Amino acid sequence: IQDEVRFGTCHNYIEVVIDDLPPQRIQLKAERNIILIADDLPDTKHTLLICKSTEAVIGYIEFVGMSCASIFPIPPRERSIEFIGDSITCGNGNDESQLTCGEGLWYDHNNAYLSFGCVLSRRLNANWQLNAVSGIGMTRSCCGSQITMPQVYDRIDFRPNGDNWKQSTSPDLLVITLGQNDGLQDSTLFCTTYIDFLKTLRQKHPNSAIICCASPMANAELKPVMKNYVFSIAEALNRQGDANVFSFAYQGMYRTGCTFHPTAGEHISIANELEVFVRKTMGW
């Protein structure tokens with residue numbers, strides 16, 4: 001099996017998974033990349049998954065085509081989940097398989113395939129989509145960024161002047177994990193902005209369930225504050241008649257990886273906690 005992919009101005013990573021074999025982490029170093037994915041496979045049907053592991057700011061990836069003996073229809077999945085968040089949702093800092101923390105560039109340690117959202121989706125046999133930007137917040141962002149998620153959520157490249165992104169279908173479930181970069185701040189400002197954002201999402205996705213999650217990376221000071229925020233936000237929407245908005249807070253604190261982000265193992269632990277709540281809430 002041979003793949004051809006094209007990318008934008010920066011170097012991207014992809015994860016390639018064949019059947020149940022371990023994922024292959026591949027860096028794209030040219031504008032057009034022809035990659036031998038597999039050879040000498042048994043003469044039977046196989047599944048191939050290609051996952052963009054780096055986030056939007058690192059550039060786009062265009063799948064040009066694939067050379068193989070034949071292609072069969074993709075078995076449909078009954079469920080779909082959209083994850084909205086920051087660097088945690090991106091899988092930032094969770095992969096040191098090729099370069100240890102501090103080596104290379106920051107995105108060399110970014111692996112979306114190993115993020116909690118993708119881990120959970122595979123367990124639930126659901127299609128996944130990550131709409132996330134490292135450093136982004138609901139009302140303020142870190143690291144010099146001037147954008148917030150409500151400003152850029154509906155933009156293809158997460159830039160205020162970017163092209164609008166129009167989804168053809170709505171996910172069954174939206175999982176929002178924002179607030180780590182907002183930090184300790186005015187509760188009225190944060191909660192009001194969050195509620196307005198949820199109402200915008202509800203207009204786009206009238207039947208989707210929404211789970212508002214406190215940050216699994218929050219320290220001892222921020223953790224109870226974020227829990228109070230998301231629980232209050234969900235309760236406010238419930239009182240206003242939207243019973244399909246829920247809140248969730250993690251028991252653990254996950255921040256022992258690169259630049260204090262969750263490790264790949266901690267992403268599994270995050271998925272473990274969230275899975276119990278999702279199965280109960282969604283009846284999955």
# chains A, B, ... in the order shown; residues from 1 in each chain; ligands from 1
call {"tool": "select_by_dssp", "arguments": {"residues": "segment 103-204 of chain A", "states": "strand (DSSP E or B)", "output": "PyMOL selection string"}}
result
chain A and resi 126-132+155+164+173-177
call {"tool": "residues_around", "arguments": {"residues": "segment 270-272 of chain A", "least_positions_apart": "6", "cutoff": "12 Å", "atoms": "only C-alpha atoms", "output": "ChimeraX atom specification"}}
result
/A:88-89,91,114-124,175,177,213-217,248-255,262-264,278-279
call {"tool": "write_last_selection", "arguments": {"atoms": "N, CA and C atoms", "output": "short mmCIF file (atom, residue, chain, number, x, y, z; two decimals), in the first residue's frame"}}
result
data_model
loop_
_atom_site.label_atom_id
_atom_site.label_comp_id
_atom_site.auth_asym_id
_atom_site.auth_seq_id
_atom_site.Cartn_x
_atom_site.Cartn_y
_atom_site.Cartn_z
N ILE A 88 -4.64 20.21 25.58
CA ILE A 88 -4.93 18.88 26.13
C ILE A 88 -5.66 18.05 25.09
N THR A 89 -6.69 18.63 24.49
CA THR A 89 -7.45 17.94 23.45
C THR A 89 -6.58 17.65 22.24
N GLY A 91 -3.52 16.80 22.24
CA GLY A 91 -2.50 15.78 22.50
C GLY A 91 -1.11 16.38 22.54
N LEU A 114 -3.03 9.75 20.01
CA LEU A 114 -2.89 9.25 21.39
C LEU A 114 -3.65 10.11 22.39
N SER A 115 -4.36 11.13 21.93
CA SER A 115 -5.10 12.00 22.84
C SER A 115 -6.32 11.28 23.40
N PHE A 116 -6.81 11.79 24.52
CA PHE A 116 -7.91 11.11 25.21
C PHE A 116 -9.16 11.00 24.33
N GLY A 117 -9.42 12.02 23.50
CA GLY A 117 -10.60 11.98 22.66
C GLY A 117 -10.56 10.86 21.64
N CYS A 118 -9.41 10.69 21.01
CA CYS A 118 -9.27 9.62 20.02
C CYS A 118 -9.26 8.25 20.68
N VAL A 119 -8.62 8.16 21.83
CA VAL A 119 -8.62 6.90 22.58
C VAL A 119 -10.05 6.50 22.93
N LEU A 120 -10.79 7.46 23.46
CA LEU A 120 -12.18 7.17 23.86
C LEU A 120 -13.05 6.83 22.66
N SER A 121 -12.89 7.56 21.57
CA SER A 121 -13.71 7.31 20.38
C SER A 121 -13.48 5.91 19.82
N ARG A 122 -12.23 5.47 19.82
CA ARG A 122 -11.96 4.12 19.32
C ARG A 122 -12.64 3.07 20.20
N ARG A 123 -12.64 3.30 21.49
CA ARG A 123 -13.32 2.35 22.39
C ARG A 123 -14.82 2.29 22.13
N LEU A 124 -15.39 3.45 21.79
CA LEU A 124 -16.83 3.55 21.59
C LEU A 124 -17.24 3.31 20.14
N VAL A 175 -17.85 17.26 23.25
CA VAL A 175 -17.13 17.26 24.52
C VAL A 175 -16.24 18.50 24.54
N THR A 177 -13.55 20.92 26.52
CA THR A 177 -12.56 20.99 27.60
C THR A 177 -11.79 22.30 27.43
N CYS A 213 -16.50 19.85 30.33
CA CYS A 213 -15.53 19.20 31.22
C CYS A 213 -14.61 20.22 31.88
N ALA A 214 -14.36 20.04 33.15
CA ALA A 214 -13.31 20.79 33.82
C ALA A 214 -11.96 20.28 33.32
N SER A 215 -10.94 21.08 33.42
CA SER A 215 -9.63 20.70 32.89
C SER A 215 -9.02 19.56 33.70
N PRO A 216 -8.59 18.48 33.03
CA PRO A 216 -7.91 17.40 33.75
C PRO A 216 -6.47 17.75 34.11
N MET A 217 -6.01 18.91 33.67
CA MET A 217 -4.63 19.35 33.89
C MET A 217 -4.53 20.40 35.00
N PHE A 248 -18.91 17.64 33.82
CA PHE A 248 -18.06 16.54 34.28
C PHE A 248 -16.75 17.08 34.81
N ALA A 249 -16.31 16.53 35.92
CA ALA A 249 -15.01 16.90 36.50
C ALA A 249 -14.22 15.63 36.79
N TYR A 250 -12.94 15.67 36.48
CA TYR A 250 -12.06 14.51 36.68
C TYR A 250 -11.63 14.39 38.14
N GLN A 251 -11.45 13.16 38.57
CA GLN A 251 -10.93 12.91 39.91
C GLN A 251 -9.43 13.14 39.96
N GLY A 252 -8.73 12.71 38.91
CA GLY A 252 -7.28 12.80 38.89
C GLY A 252 -6.78 14.15 38.40
N MET A 253 -5.47 14.33 38.55
CA MET A 253 -4.79 15.52 38.04
C MET A 253 -3.67 15.02 37.13
N TYR A 254 -3.74 15.38 35.86
CA TYR A 254 -2.87 14.78 34.85
C TYR A 254 -1.99 15.86 34.22
N ARG A 255 -0.72 15.91 34.64
CA ARG A 255 0.16 16.99 34.17
C ARG A 255 1.64 16.65 34.35
N PRO A 262 -0.44 16.27 29.95
CA PRO A 262 -0.62 14.85 30.21
C PRO A 262 0.25 13.98 29.30
N THR A 263 0.79 12.91 29.84
CA THR A 263 1.52 11.94 29.05
C THR A 263 0.52 11.09 28.26
N ALA A 264 1.05 10.27 27.36
CA ALA A 264 0.16 9.36 26.62
C ALA A 264 -0.56 8.42 27.58
N VAL A 278 -19.55 9.07 29.87
CA VAL A 278 -20.16 9.10 28.54
C VAL A 278 -21.10 7.91 28.34
N ARG A 279 -20.65 6.73 28.72
CA ARG A 279 -21.51 5.55 28.56
C ARG A 279 -22.80 5.70 29.36
#
call {"tool": "residues_around", "arguments": {"residues": "Ile74 of chain A", "least_positions_apart": "4", "cutoff": "12 Å", "atoms": "only C-alpha atoms", "output": "PDB file with N, CA and C atoms, in the first residue's frame"}}
result
ATOM      1  N   LYS A  45      -8.884  -8.590   3.167  1.00  0.00           N
ATOM      2  CA  LYS A  45      -9.258  -7.212   3.436  1.00  0.00           C
ATOM      3  C   LYS A  45      -8.466  -6.655   4.614  1.00  0.00           C
ATOM      4  N   HIS A  46      -8.090  -5.389   4.506  1.00  0.00           N
ATOM      5  CA  HIS A  46      -7.390  -4.702   5.595  1.00  0.00           C
ATOM      6  C   HIS A  46      -8.022  -3.325   5.807  1.00  0.00           C
ATOM      7  N   THR A  47      -7.866  -2.801   6.997  1.00  0.00           N
ATOM      8  CA  THR A  47      -8.315  -1.445   7.288  1.00  0.00           C
ATOM      9  C   THR A  47      -7.101  -0.532   7.421  1.00  0.00           C
ATOM     10  N   LEU A  48      -7.237   0.674   6.900  1.00  0.00           N
ATOM     11  CA  LEU A  48      -6.166   1.667   6.955  1.00  0.00           C
ATOM     12  C   LEU A  48      -6.719   2.956   7.545  1.00  0.00           C
ATOM     13  N   LEU A  49      -6.053   3.472   8.559  1.00  0.00           N
ATOM     14  CA  LEU A  49      -6.442   4.736   9.177  1.00  0.00           C
ATOM     15  C   LEU A  49      -5.268   5.699   9.114  1.00  0.00           C
TER      16      LEU A  49
END
call {"tool": "closest_atom_pairs", "arguments": {"of": "segment 90-170 of chain A", "to": "segment 17-28 of chain A", "cutoff": "10 Å", "atoms": "only C-alpha atoms", "output": "Markdown table"}}
result
| residue | atom | partner | partner_atom | distance |
| --- | --- | --- | --- | --- |
| A:Ser97 | CA | A:Arg25 | CA | 9.1 |
| A:Gln98 | CA | A:Arg25 | CA | 8.9 |
| A:Asp108 | CA | A:Gln27 | CA | 9.0 |
| A:Asn111 | CA | A:Arg25 | CA | 8.9 |
| A:Tyr113 | CA | A:Pro23 | CA | 8.9 |
| A:Leu114 | CA | A:Pro23 | CA | 9.8 |
call {"tool": "select_by_dssp", "arguments": {"residues": "segment 78-114 of chain A", "states": "alpha helix (DSSP H)", "output": "list in words"}}
result
Ser87, Ile88, Thr89 and Cys90 of chain A
call {"tool": "write_last_selection", "arguments": {"atoms": "N, CA and C atoms", "output": "PDB file, in the first residue's frame"}}
result
ATOM      1  N   SER A  87      -4.708  22.630  24.239  1.00  0.00           N
ATOM      2  CA  SER A  87      -3.583  21.729  24.008  1.00  0.00           C
ATOM      3  C   SER A  87      -3.824  20.327  24.548  1.00  0.00           C
ATOM      4  N   ILE A  88      -4.637  20.205  25.576  1.00  0.00           N
ATOM      5  CA  ILE A  88      -4.933  18.881  26.134  1.00  0.00           C
ATOM      6  C   ILE A  88      -5.663  18.051  25.086  1.00  0.00           C
ATOM      7  N   THR A  89      -6.688  18.633  24.490  1.00  0.00           N
ATOM      8  CA  THR A  89      -7.450  17.938  23.455  1.00  0.00           C
ATOM      9  C   THR A  89      -6.582  17.653  22.236  1.00  0.00           C
ATOM     10  N   CYS A  90      -5.631  18.553  21.935  1.00  0.00           N
ATOM     11  CA  CYS A  90      -4.714  18.358  20.796  1.00  0.00           C
ATOM     12  C   CYS A  90      -3.789  17.154  20.993  1.00  0.00           C
TER      13      CYS A  90
END
